[in-house]
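The data block below is query_20.pdb; it holds PDB, C-alpha atoms and all ligand atoms.
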ATOM      1  CA  MET A   1       8.611 -32.126  20.531
ATOM      2  CA  GLY A   2      11.305 -31.651  17.853
ATOM      3  CA  GLU A   3      14.284 -30.049  19.573
ATOM      4  CA  GLY A   4      16.434 -27.292  18.106
ATOM      5  CA  LYS A   5      17.901 -23.875  18.754
ATOM      6  CA  ARG A   6      16.168 -21.641  16.257
ATOM      7  CA  LEU A   7      14.438 -19.536  18.940
ATOM      8  CA  VAL A   8      16.940 -19.586  21.781
ATOM      9  CA  ASP A   9      16.637 -16.453  23.990
ATOM     10  CA  LYS A  10      13.336 -15.462  22.367
ATOM     11  CA  VAL A  11      10.165 -14.715  24.322
ATOM     12  CA  ALA A  12       6.908 -15.537  22.530
ATOM     13  CA  ILE A  13       3.219 -15.013  23.193
ATOM     14  CA  VAL A  14       0.950 -17.539  21.444
ATOM     15  CA  THR A  15      -2.809 -16.951  21.555
ATOM     16  CA  GLY A  16      -5.273 -19.762  20.960
ATOM     17  CA  GLY A  17      -2.578 -21.976  22.444
ATOM     18  CA  ALA A  18      -4.917 -24.470  24.091
ATOM     19  CA  SER A  19      -5.853 -26.312  20.921
ATOM     20  CA  GLY A  20      -5.019 -27.199  17.330
ATOM     21  CA  ILE A  21      -2.601 -24.907  15.478
ATOM     22  CA  GLY A  22      -1.883 -22.685  18.514
ATOM     23  CA  ALA A  23      -1.016 -25.627  20.777
ATOM     24  CA  GLU A  24       1.367 -27.085  18.196
ATOM     25  CA  THR A  25       2.955 -23.680  17.579
ATOM     26  CA  ALA A  26       3.589 -23.327  21.312
ATOM     27  CA  ARG A  27       5.141 -26.834  21.407
ATOM     28  CA  VAL A  28       7.373 -26.117  18.407
ATOM     29  CA  PHE A  29       8.476 -22.698  19.739
ATOM     30  CA  ALA A  30       9.333 -24.153  23.160
ATOM     31  CA  GLY A  31      11.139 -27.056  21.487
ATOM     32  CA  GLN A  32      13.315 -24.515  19.690
ATOM     33  CA  GLY A  33      14.313 -22.764  22.901
ATOM     34  CA  ALA A  34      11.728 -19.974  23.214
ATOM     35  CA  SER A  35      10.064 -19.020  26.486
ATOM     36  CA  VAL A  36       6.370 -19.277  25.643
ATOM     37  CA  VAL A  37       3.435 -17.451  27.196
ATOM     38  CA  LEU A  38       0.544 -19.611  26.054
ATOM     39  CA  CYS A  39      -2.837 -17.869  26.199
ATOM     40  CA  ASP A  40      -6.401 -18.956  25.639
ATOM     41  CA  VAL A  41      -9.923 -18.651  27.007
ATOM     42  CA  ASN A  42      -9.814 -22.406  27.645
ATOM     43  CA  SER A  43      -7.756 -22.620  30.837
ATOM     44  CA  VAL A  44      -8.142 -26.371  31.328
ATOM     45  CA  LEU A  45      -6.729 -27.290  27.921
ATOM     46  CA  GLY A  46      -4.211 -24.438  28.002
ATOM     47  CA  ARG A  47      -2.737 -25.588  31.315
ATOM     48  CA  SER A  48      -2.564 -29.139  30.032
ATOM     49  CA  VAL A  49      -0.547 -28.089  26.940
ATOM     50  CA  VAL A  50       1.796 -26.089  29.192
ATOM     51  CA  GLY A  51       2.181 -29.123  31.468
ATOM     52  CA  GLU A  52       3.109 -31.250  28.471
ATOM     53  CA  ILE A  53       5.696 -28.683  27.290
ATOM     54  CA  SER A  54       7.200 -28.384  30.786
ATOM     55  CA  ASP A  55       7.368 -32.184  31.168
ATOM     56  CA  GLY A  56       9.288 -32.267  27.881
ATOM     57  CA  GLY A  57      11.846 -29.779  29.251
ATOM     58  CA  GLY A  58      10.401 -26.673  27.547
ATOM     59  CA  ASN A  59       9.761 -23.288  29.133
ATOM     60  CA  ALA A  60       6.091 -22.238  29.051
ATOM     61  CA  ILE A  61       3.466 -20.630  31.251
ATOM     62  CA  PHE A  62      -0.277 -20.365  30.793
ATOM     63  CA  ARG A  63      -2.238 -17.135  31.134
ATOM     64  CA  ALA A  64      -5.997 -16.814  30.581
ATOM     65  CA  LEU A  65      -6.660 -14.287  27.818
ATOM     66  CA  ASP A  66      -9.736 -13.339  25.866
ATOM     67  CA  VAL A  67      -8.181 -11.689  22.813
ATOM     68  CA  THR A  68     -11.118  -9.288  22.511
ATOM     69  CA  ASN A  69     -10.431  -7.794  25.953
ATOM     70  CA  GLU A  70      -8.001  -4.875  25.789
ATOM     71  CA  GLN A  71      -7.427  -4.691  29.567
ATOM     72  CA  GLN A  72      -6.334  -8.307  29.545
ATOM     73  CA  TRP A  73      -3.860  -7.582  26.725
ATOM     74  CA  THR A  74      -2.372  -4.682  28.696
ATOM     75  CA  ALA A  75      -1.895  -6.896  31.754
ATOM     76  CA  LEU A  76      -0.541  -9.844  29.757
ATOM     77  CA  VAL A  77       2.101  -7.872  27.903
ATOM     78  CA  ALA A  78       3.213  -6.073  31.095
ATOM     79  CA  GLU A  79       3.511  -9.382  32.952
ATOM     80  CA  THR A  80       5.421 -10.975  30.070
ATOM     81  CA  GLU A  81       8.010  -8.184  30.074
ATOM     82  CA  GLU A  82       8.239  -8.308  33.864
ATOM     83  CA  MET A  83       8.729 -12.078  33.993
ATOM     84  CA  PHE A  84      10.923 -12.619  30.941
ATOM     85  CA  GLY A  85      12.444  -9.151  30.437
ATOM     86  CA  LYS A  86      11.195  -8.681  26.874
ATOM     87  CA  LEU A  87       8.822  -9.720  24.091
ATOM     88  CA  ASN A  88      10.198 -10.873  20.719
ATOM     89  CA  ILE A  89       7.386 -12.858  19.075
ATOM     90  CA  LEU A  90       3.594 -12.618  19.014
ATOM     91  CA  THR A  91       1.580 -15.271  17.220
ATOM     92  CA  ASN A  92      -2.102 -14.356  16.943
ATOM     93  CA  VAL A  93      -3.699 -17.770  16.435
ATOM     94  CA  ALA A  94      -6.951 -17.533  18.443
ATOM     95  CA  GLY A  95      -9.928 -17.674  16.139
ATOM     96  CA  ILE A  96     -13.442 -18.947  15.642
ATOM     97  CA  SER A  97     -15.227 -20.113  12.528
ATOM     98  CA  GLY A  98     -18.639 -19.188  13.896
ATOM     99  CA  ARG A  99     -19.917 -21.999  11.713
ATOM    100  CA  ASP A 100     -22.915 -24.078  12.642
ATOM    101  CA  PRO A 101     -21.551 -27.655  12.753
ATOM    102  CA  LYS A 102     -24.600 -28.739  10.776
ATOM    103  CA  GLU A 103     -23.597 -26.556   7.805
ATOM    104  CA  LEU A 104     -21.991 -28.253   4.870
ATOM    105  CA  THR A 105     -18.472 -27.376   3.852
ATOM    106  CA  GLN A 106     -17.612 -24.139   2.006
ATOM    107  CA  VAL A 107     -16.614 -25.891  -1.197
ATOM    108  CA  THR A 108     -20.132 -26.987  -2.119
ATOM    109  CA  PRO A 109     -22.723 -24.665  -3.654
ATOM    110  CA  THR A 110     -25.240 -26.055  -1.152
ATOM    111  CA  ALA A 111     -23.038 -25.176   1.805
ATOM    112  CA  GLY A 112     -25.593 -23.031   3.606
ATOM    113  CA  GLY A 113     -24.573 -20.162   5.791
ATOM    114  CA  MET A 114     -25.420 -17.707   3.017
ATOM    115  CA  LEU A 115     -24.856 -14.134   4.106
ATOM    116  CA  GLU A 116     -28.571 -13.341   4.080
ATOM    117  CA  ASP A 117     -28.839 -15.893   6.890
ATOM    118  CA  GLN A 118     -25.854 -14.610   8.853
ATOM    119  CA  SER A 119     -27.016 -12.365  11.704
ATOM    120  CA  LEU A 120     -25.374  -9.119  12.740
ATOM    121  CA  ASP A 121     -24.584 -10.721  16.106
ATOM    122  CA  LYS A 122     -22.745 -13.583  14.414
ATOM    123  CA  TRP A 123     -20.867 -11.170  12.126
ATOM    124  CA  ASN A 124     -19.811  -9.070  15.127
ATOM    125  CA  GLN A 125     -18.718 -12.124  17.115
ATOM    126  CA  ILE A 126     -16.542 -13.477  14.291
ATOM    127  CA  MET A 127     -15.036 -10.087  13.473
ATOM    128  CA  GLU A 128     -14.371  -9.373  17.134
ATOM    129  CA  VAL A 129     -12.347 -12.508  17.836
ATOM    130  CA  ASN A 130     -10.583 -12.920  14.482
ATOM    131  CA  ALA A 131     -10.003  -9.332  13.360
ATOM    132  CA  THR A 132     -10.264  -7.141  16.473
ATOM    133  CA  GLY A 133      -8.366  -9.710  18.567
ATOM    134  CA  THR A 134      -5.511  -9.601  16.059
ATOM    135  CA  PHE A 135      -5.557  -5.792  16.037
ATOM    136  CA  LEU A 136      -5.427  -5.602  19.842
ATOM    137  CA  GLY A 137      -2.600  -8.107  20.170
ATOM    138  CA  THR A 138      -0.544  -6.401  17.489
ATOM    139  CA  ARG A 139      -1.168  -2.961  18.963
ATOM    140  CA  HIS A 140      -0.051  -4.038  22.432
ATOM    141  CA  ALA A 141       3.040  -5.859  21.171
ATOM    142  CA  ILE A 142       4.508  -2.822  19.403
ATOM    143  CA  ALA A 143       5.919  -0.940  22.409
ATOM    144  CA  PRO A 144       7.621  -3.940  24.071
ATOM    145  CA  MET A 145       9.002  -5.118  20.725
ATOM    146  CA  ARG A 146      10.406  -1.661  20.088
ATOM    147  CA  ARG A 147      12.056  -1.829  23.520
ATOM    148  CA  ALA A 148      13.466  -5.250  22.550
ATOM    149  CA  GLY A 149      15.004  -3.764  19.390
ATOM    150  CA  GLY A 150      12.499  -5.433  17.032
ATOM    151  CA  GLY A 151      10.255  -8.457  16.818
ATOM    152  CA  SER A 152       8.073 -10.723  14.741
ATOM    153  CA  ILE A 153       4.272 -10.727  14.682
ATOM    154  CA  ILE A 154       2.583 -13.652  12.957
ATOM    155  CA  ASN A 155      -1.121 -13.380  12.270
ATOM    156  CA  ILE A 156      -3.078 -16.490  11.348
ATOM    157  CA  SER A 157      -5.430 -15.667   8.507
ATOM    158  CA  SER A 158      -6.723 -18.445   6.220
ATOM    159  CA  ILE A 159      -7.164 -19.337   2.586
ATOM    160  CA  CYS A 160     -10.557 -17.756   3.326
ATOM    161  CA  GLY A 161      -8.710 -14.436   3.597
ATOM    162  CA  ILE A 162      -7.628 -14.806  -0.038
ATOM    163  CA  ILE A 163     -10.494 -16.495  -1.858
ATOM    164  CA  GLY A 164     -14.271 -16.567  -1.447
ATOM    165  CA  SER A 165     -16.546 -19.585  -1.082
ATOM    166  CA  PHE A 166     -20.154 -20.605  -0.805
ATOM    167  CA  ALA A 167     -20.490 -19.990   2.937
ATOM    168  CA  ASN A 168     -19.601 -17.954   6.006
ATOM    169  CA  ALA A 169     -18.943 -14.550   4.455
ATOM    170  CA  ALA A 170     -18.204 -13.091   7.899
ATOM    171  CA  TYR A 171     -15.318 -15.542   8.392
ATOM    172  CA  HIS A 172     -13.919 -14.593   4.971
ATOM    173  CA  ALA A 173     -14.229 -10.904   5.852
ATOM    174  CA  SER A 174     -12.493 -11.380   9.207
ATOM    175  CA  LYS A 175      -9.595 -13.316   7.665
ATOM    176  CA  GLY A 176      -9.314 -10.837   4.776
ATOM    177  CA  ALA A 177      -9.042  -8.122   7.421
ATOM    178  CA  VAL A 178      -6.209 -10.012   9.131
ATOM    179  CA  ARG A 179      -4.360 -10.312   5.813
ATOM    180  CA  ILE A 180      -4.411  -6.637   4.853
ATOM    181  CA  PHE A 181      -4.085  -5.399   8.428
ATOM    182  CA  SER A 182      -0.821  -7.337   8.642
ATOM    183  CA  LYS A 183       0.550  -5.585   5.555
ATOM    184  CA  ALA A 184      -0.372  -2.130   6.898
ATOM    185  CA  ALA A 185       1.250  -2.919  10.248
ATOM    186  CA  ALA A 186       4.339  -4.287   8.465
ATOM    187  CA  ILE A 187       4.854  -1.013   6.615
ATOM    188  CA  GLN A 188       4.211   1.128   9.679
ATOM    189  CA  TYR A 189       6.662  -0.706  11.954
ATOM    190  CA  ALA A 190       9.416  -1.791   9.570
ATOM    191  CA  PRO A 191      11.532   1.178  10.735
ATOM    192  CA  ASP A 192      11.394  -0.302  14.259
ATOM    193  CA  GLY A 193      12.563  -3.711  13.059
ATOM    194  CA  ILE A 194       9.146  -5.188  13.810
ATOM    195  CA  ARG A 195       8.099  -7.658  11.118
ATOM    196  CA  VAL A 196       4.434  -8.545  10.558
ATOM    197  CA  ASN A 197       3.339 -11.425   8.335
ATOM    198  CA  SER A 198       0.187 -13.476   7.803
ATOM    199  CA  ILE A 199      -0.178 -17.223   7.384
ATOM    200  CA  HIS A 200      -2.966 -18.737   5.303
ATOM    201  CA  PRO A 201      -3.739 -22.348   6.196
ATOM    202  CA  GLY A 202      -5.908 -24.541   3.998
ATOM    203  CA  PHE A 203      -7.979 -27.356   5.500
ATOM    204  CA  VAL A 204      -6.146 -28.493   8.634
ATOM    205  CA  ASP A 205      -7.242 -31.283  10.974
ATOM    206  CA  THR A 206      -8.044 -29.576  14.301
ATOM    207  CA  PRO A 207     -11.019 -29.453  16.682
ATOM    208  CA  MET A 208     -12.323 -26.510  14.589
ATOM    209  CA  THR A 209     -12.639 -28.634  11.458
ATOM    210  CA  LYS A 210     -13.617 -31.878  13.193
ATOM    211  CA  PRO A 211     -17.346 -31.566  12.408
ATOM    212  CA  ALA A 212     -16.569 -31.356   8.660
ATOM    213  CA  HIS A 213     -13.580 -33.715   8.511
ATOM    214  CA  SER A 214     -15.241 -36.478  10.519
ATOM    215  CA  ASN A 215     -18.065 -36.568   7.978
ATOM    216  CA  PRO A 216     -16.684 -38.791   5.168
ATOM    217  CA  GLU A 217     -18.740 -37.091   2.457
ATOM    218  CA  LEU A 218     -17.645 -33.581   3.446
ATOM    219  CA  ALA A 219     -14.068 -34.666   4.072
ATOM    220  CA  GLN A 220     -13.925 -36.131   0.566
ATOM    221  CA  ILE A 221     -15.059 -32.855  -0.995
ATOM    222  CA  ARG A 222     -12.366 -30.948   0.874
ATOM    223  CA  LEU A 223      -9.693 -33.507   0.023
ATOM    224  CA  GLU A 224     -10.603 -33.377  -3.656
ATOM    225  CA  ALA A 225     -10.178 -29.589  -3.512
ATOM    226  CA  THR A 226      -6.653 -30.042  -2.101
ATOM    227  CA  PRO A 227      -4.083 -30.975  -4.792
ATOM    228  CA  LEU A 228      -1.690 -32.641  -2.338
ATOM    229  CA  GLY A 229      -4.549 -34.960  -1.375
ATOM    230  CA  ARG A 230      -4.374 -34.793   2.410
ATOM    231  CA  PHE A 231      -5.475 -32.479   5.186
ATOM    232  CA  GLY A 232      -2.866 -30.274   6.780
ATOM    233  CA  THR A 233      -1.630 -31.034  10.274
ATOM    234  CA  PRO A 234      -1.192 -28.388  12.966
ATOM    235  CA  ARG A 235       2.547 -29.043  12.612
ATOM    236  CA  ASP A 236       2.470 -28.026   8.914
ATOM    237  CA  ILE A 237       1.297 -24.595  10.049
ATOM    238  CA  ALA A 238       3.447 -24.406  13.198
ATOM    239  CA  LEU A 239       6.593 -24.906  11.103
ATOM    240  CA  GLY A 240       5.596 -21.906   8.976
ATOM    241  CA  CYS A 241       5.171 -19.904  12.180
ATOM    242  CA  LEU A 242       8.622 -21.073  13.280
ATOM    243  CA  TYR A 243      10.241 -19.764  10.087
ATOM    244  CA  LEU A 244       8.539 -16.367  10.455
ATOM    245  CA  ALA A 245       9.358 -16.199  14.175
ATOM    246  CA  SER A 246      13.037 -16.993  13.702
ATOM    247  CA  ASP A 247      15.800 -14.681  12.502
ATOM    248  CA  GLU A 248      15.980 -16.799   9.315
ATOM    249  CA  SER A 249      13.116 -14.640   8.012
ATOM    250  CA  SER A 250      14.757 -11.338   8.986
ATOM    251  CA  TRP A 251      14.099  -9.858   5.507
ATOM    252  CA  VAL A 252      10.472 -11.040   5.364
ATOM    253  CA  THR A 253       7.684  -8.655   6.284
ATOM    254  CA  GLY A 254       4.228  -7.867   4.915
ATOM    255  CA  SER A 255       4.198 -11.258   3.249
ATOM    256  CA  GLU A 256       1.494 -13.915   3.168
ATOM    257  CA  LEU A 257       2.619 -17.491   3.650
ATOM    258  CA  VAL A 258       0.075 -19.862   2.095
ATOM    259  CA  ILE A 259       0.203 -23.391   3.548
ATOM    260  CA  ASP A 260      -2.724 -25.144   1.914
ATOM    261  CA  GLY A 261      -1.671 -28.278   0.039
ATOM    262  CA  GLY A 262      -2.004 -26.349  -3.215
ATOM    263  CA  LEU A 263      -5.672 -25.447  -2.866
ATOM    264  CA  THR A 264      -5.390 -21.787  -3.856
ATOM    265  CA  ALA A 265      -2.954 -22.524  -6.698
ATOM    266  CA  LYS A 266      -5.880 -23.673  -8.818
TER     267      LYS A 266
HETATM  268  N1  LIG B   1      -8.223 -25.661  11.048
HETATM  269  C1  LIG B   1      -8.237 -25.095   9.849
HETATM  270  O1  LIG B   1      -8.504 -25.748   8.818
HETATM  271  C2  LIG B   1      -7.905 -23.635   9.696
HETATM  272  C3  LIG B   1      -7.749 -23.123   8.419
HETATM  273  C4  LIG B   1      -7.432 -21.790   8.234
HETATM  274  C5  LIG B   1      -7.265 -20.967   9.336
HETATM  275  N2  LIG B   1      -7.447 -21.482  10.594
HETATM  276  C6  LIG B   1      -7.264 -20.556  11.705
HETATM  277  O2  LIG B   1      -6.276 -21.075  12.563
HETATM  278  C7  LIG B   1      -6.515 -20.601  13.897
HETATM  279  C8  LIG B   1      -6.496 -21.789  14.856
HETATM  280  O3  LIG B   1      -7.590 -22.629  14.541
HETATM  281  P1  LIG B   1      -7.637 -24.176  14.902
HETATM  282  O4  LIG B   1      -8.064 -24.869  13.681
HETATM  283  O5  LIG B   1      -6.405 -24.581  15.603
HETATM  284  O6  LIG B   1      -8.906 -24.169  15.871
HETATM  285  P2  LIG B   1      -9.142 -24.624  17.363
HETATM  286  O7  LIG B   1     -10.591 -24.427  17.587
HETATM  287  O8  LIG B   1      -8.528 -25.958  17.606
HETATM  288  O9  LIG B   1      -8.306 -23.557  18.221
HETATM  289  C9  LIG B   1      -8.731 -22.236  18.373
HETATM  290  C10 LIG B   1      -8.348 -21.784  19.776
HETATM  291  O10 LIG B   1      -8.685 -20.399  19.916
HETATM  292  C11 LIG B   1      -9.243 -20.225  21.211
HETATM  293  N3  LIG B   1     -10.070 -19.029  21.243
HETATM  294  C12 LIG B   1     -11.278 -18.833  20.650
HETATM  295  N4  LIG B   1     -11.742 -17.624  20.968
HETATM  296  C13 LIG B   1     -10.805 -17.027  21.762
HETATM  297  C14 LIG B   1     -10.718 -15.758  22.401
HETATM  298  N5  LIG B   1     -11.708 -14.849  22.315
HETATM  299  N6  LIG B   1      -9.612 -15.488  23.117
HETATM  300  C15 LIG B   1      -8.622 -16.407  23.249
HETATM  301  N7  LIG B   1      -8.664 -17.633  22.694
HETATM  302  C16 LIG B   1      -9.745 -17.926  21.945
HETATM  303  C17 LIG B   1     -10.044 -21.496  21.443
HETATM  304  O11 LIG B   1     -10.338 -21.687  22.827
HETATM  305  C18 LIG B   1      -9.121 -22.548  20.875
HETATM  306  O12 LIG B   1      -8.226 -23.045  21.850
HETATM  307  C19 LIG B   1      -7.838 -19.857  13.844
HETATM  308  O13 LIG B   1      -7.587 -18.461  13.735
HETATM  309  C20 LIG B   1      -8.487 -20.380  12.577
HETATM  310  O14 LIG B   1      -9.409 -19.463  12.038
HETATM  311  C21 LIG B   1      -7.750 -22.796  10.791
END
What's the structure tokens form of this structure?
Amino acid sequence: MGEGKRLVDKVAIVTGGASGIGAETARVFAGQGASVVLCDVNSVLGRSVVGEISDGGGNAIFRALDVTNEQQWTALVAETEEMFGKLNILTNVAGISGRDPKELTQVTPTAGGMLEDQSLDKWNQIMEVNATGTFLGTRHAIAPMRRAGGGSIINISSICGIIGSFANAAYHASKGAVRIFSKAAAIQYAPDGIRVNSIHPGFVDTPMTKPAHSNPELAQIRLEATPLGRFGTPRDIALGCLYLASDESSWVTGSELVIDGGLTAK
């Protein structure tokens, strides 16, 4: 798990914690001493990650949460404060690509998923989970963090929130919204000691990217676009979350941490 004391006495909510980047973030936070409330719509996987953390000596519970459901956010935050006495960290990781697994990857001009072909329903679905879910979580974390004397909110955007590509305009729009929303929230709540930052992963090996990365031709295109020549791991991103969650980043807010193997440096 990677033990340490960088988050001792901290209470953290991690959404999208059942899989990929969220699961690893929950593991890393618990390994550094945080009490973790791991949330997801996937209860089976979520409970299994919590079981793994508990078996390793970490402190975590699972709660079912659909990030688009405001009533569930209200209940989750109230229960977190009741159980653990406070909330210090919120990591909004839950997200969907909305991509048809048959589509090619964004870095090719023939990627498909042109915006003329993207339906309003698909747009709304992607925006609702990625952008509205982040808004709701952030909104509901403010009051308890103020009561705790401050806090850290980490919103997972993407390189797609910084640059465009040949496909999935709705995903780009949702991640761009997360990026600039985080800066607005950072300015509004700096006086309360609440820091808000975004993280922008490049191509990371997770269940979300499996359809593309398990196709050798598509994987090659993505690897060639990545100067460091390998895909990111969930741990690469989780360690960025750890820095922003810990007091080591106490003077960092409204920033965007790009973790992409150099892709957007080009
Ligand atoms: N994998 C990448 O290359 C990559 C790159 C950039 C950004 N991201 C972002 O990182 C985040 C994590 O992605 P991942 O790659 O680990 O994917 P993943 O599919 O492994 O994990 C996403 C998790 O979010 C959960 N989720 C989906 N909708 C939800 C909802 N409405 N409420 C609660 N939970 C919900 C899923 O059940 C799943 O457990 C996402 O926001 C994604 O957009 C991923």
For this session: For the structure shown, which residues end up in the PyMOL selection byres (((chain A and resi 153) around 7) and not hetatm)? Put them as a PyMOL selection string, please?
Result: chain A and resi 89-91+151-152+154-155+195-197
For this session: For the structure provided, state which residues fall under the PyMOL selection byres (((chain A and resi 167-183) around 6) and not hetatm), and present them as number ranges by chain.
Result: A: 106, 111-115, 123, 127, 130-131, 157, 160-161, 165-166, 184-186, 196-198, 254
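Of the listed residues A:Phe231, A:Tyr243, A:Phe203, A:Trp251, the one whose atoms come nearest to ligand LIG 1 (chain B) is A:Phe203, with distances taken using only C-alpha atoms and all ligand atoms.
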Problem set entry | Contacts to ligand LIG 1 (chain B) at 9 Å cut-off (all atoms listed in the file) as JSON, numbers by chain | {"A": [15, 16, 17, 18, 19, 20, 21, 22, 23, 24, 39, 40, 41, 42, 43, 45, 46, 64, 65, 66, 67, 68, 69, 92, 93, 94, 95, 96, 97, 128, 129, 130, 133, 155, 156, 157, 158, 159, 160, 161, 171, 175, 199, 200, 201, 202, 203, 204, 205, 206, 207, 208, 209, 210, 231, 232, 233, 234, 237, 260]}
Exercise. Of the residues A:Ile126, A:Ala148, A:Ile194, A:Ile61, which is the one nearest to A:Gly85, using all atoms listed in the file?
Worked result: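 Comparing A:Ile126, A:Ala148, A:Ile194, A:Ile61 against A:Gly85, the winner is A:Ala148.
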Problem set entry | A:Gly150 surroundings by all atoms listed in the file, 12 Å radius, close-in-sequence under 6 positions cut, as a VMD selection string | chain A and resid 10 86 to 90 141 to 144 186 189 to 196 245 247 250
For this session: Tell me which of A:Leu257, A:Leu218, A:Leu38, A:Ala75 sits closest to A:Asp236, counting all atoms listed in the file.
Result: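 Using all atoms listed in the file, A:Asp236 sits closest to A:Leu257.
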With only C-alpha atoms counted, which protein, DNA or RNA residues have an atom no more than 9 Å from (8.1, -21.2, 13.1) in the file frame? Please answer as a CSV table (one decimal) with C-alpha atoms, in the frame of the given file.
chain,number,residue,atom,x,y,z
A,6,ARG,CA,16.2,-21.6,16.3
A,7,LEU,CA,14.4,-19.5,18.9
A,25,THR,CA,3.0,-23.7,17.6
A,28,VAL,CA,7.4,-26.1,18.4
A,29,PHE,CA,8.5,-22.7,19.7
A,237,ILE,CA,1.3,-24.6,10.0
A,238,ALA,CA,3.4,-24.4,13.2
A,239,LEU,CA,6.6,-24.9,11.1
A,240,GLY,CA,5.6,-21.9,9.0
A,241,CYS,CA,5.2,-19.9,12.2
A,242,LEU,CA,8.6,-21.1,13.3
A,243,TYR,CA,10.2,-19.8,10.1
A,244,LEU,CA,8.5,-16.4,10.5
A,245,ALA,CA,9.4,-16.2,14.2
A,246,SER,CA,13.0,-17.0,13.7
Return as AutoDock Vina command-line options the centre and edge lengths, in Å with one decimal, of the box along x, y and z that encloses every atom of stretch 41-46 of chain A in the file, padded by 8 Å per side.
--center_x -7.1 --center_y -23.0 --center_z 29.2 --size_x 21.7 --size_y 24.6 --size_z 20.3
For this session: Find the residue from A:Thr138, A:Gly261, A:Ala212, A:Glu248 that sits nearest to A:Lys5; use only C-alpha atoms when measuring.
Result: A:Glu248
Problem set entry | Which residue of A:Leu263, A:Ala12, A:Val44, A:Ala78 approaches A:Gly229 most closely, using all atoms listed in the file |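 Smallest distance to A:Gly229 is found for A:Leu263.
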For this session: One decimal, Å: what's the distance from atom CA of A:Asp121 over to atom CA of A:Asp100, could you say?
Result: 13.9 Å
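Using only C-alpha atoms, the nearest neighbour of A:Glu79 within the list A:Val49, A:Leu120, A:Leu228, A:Ile13 is A:Ile13.
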Exercise. When you draw a straight line from atom CA of A:Gly98 to atom CA of A:Phe62, how long is it in Å?
Worked result: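 Distance reported for this atom pair: 25.0 Å.
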Problem set entry | Coordinates-based distance that separates atom CA of A:Ser54 from atom CA of A:Thr74 (Å, one decimal) | 25.6 Å
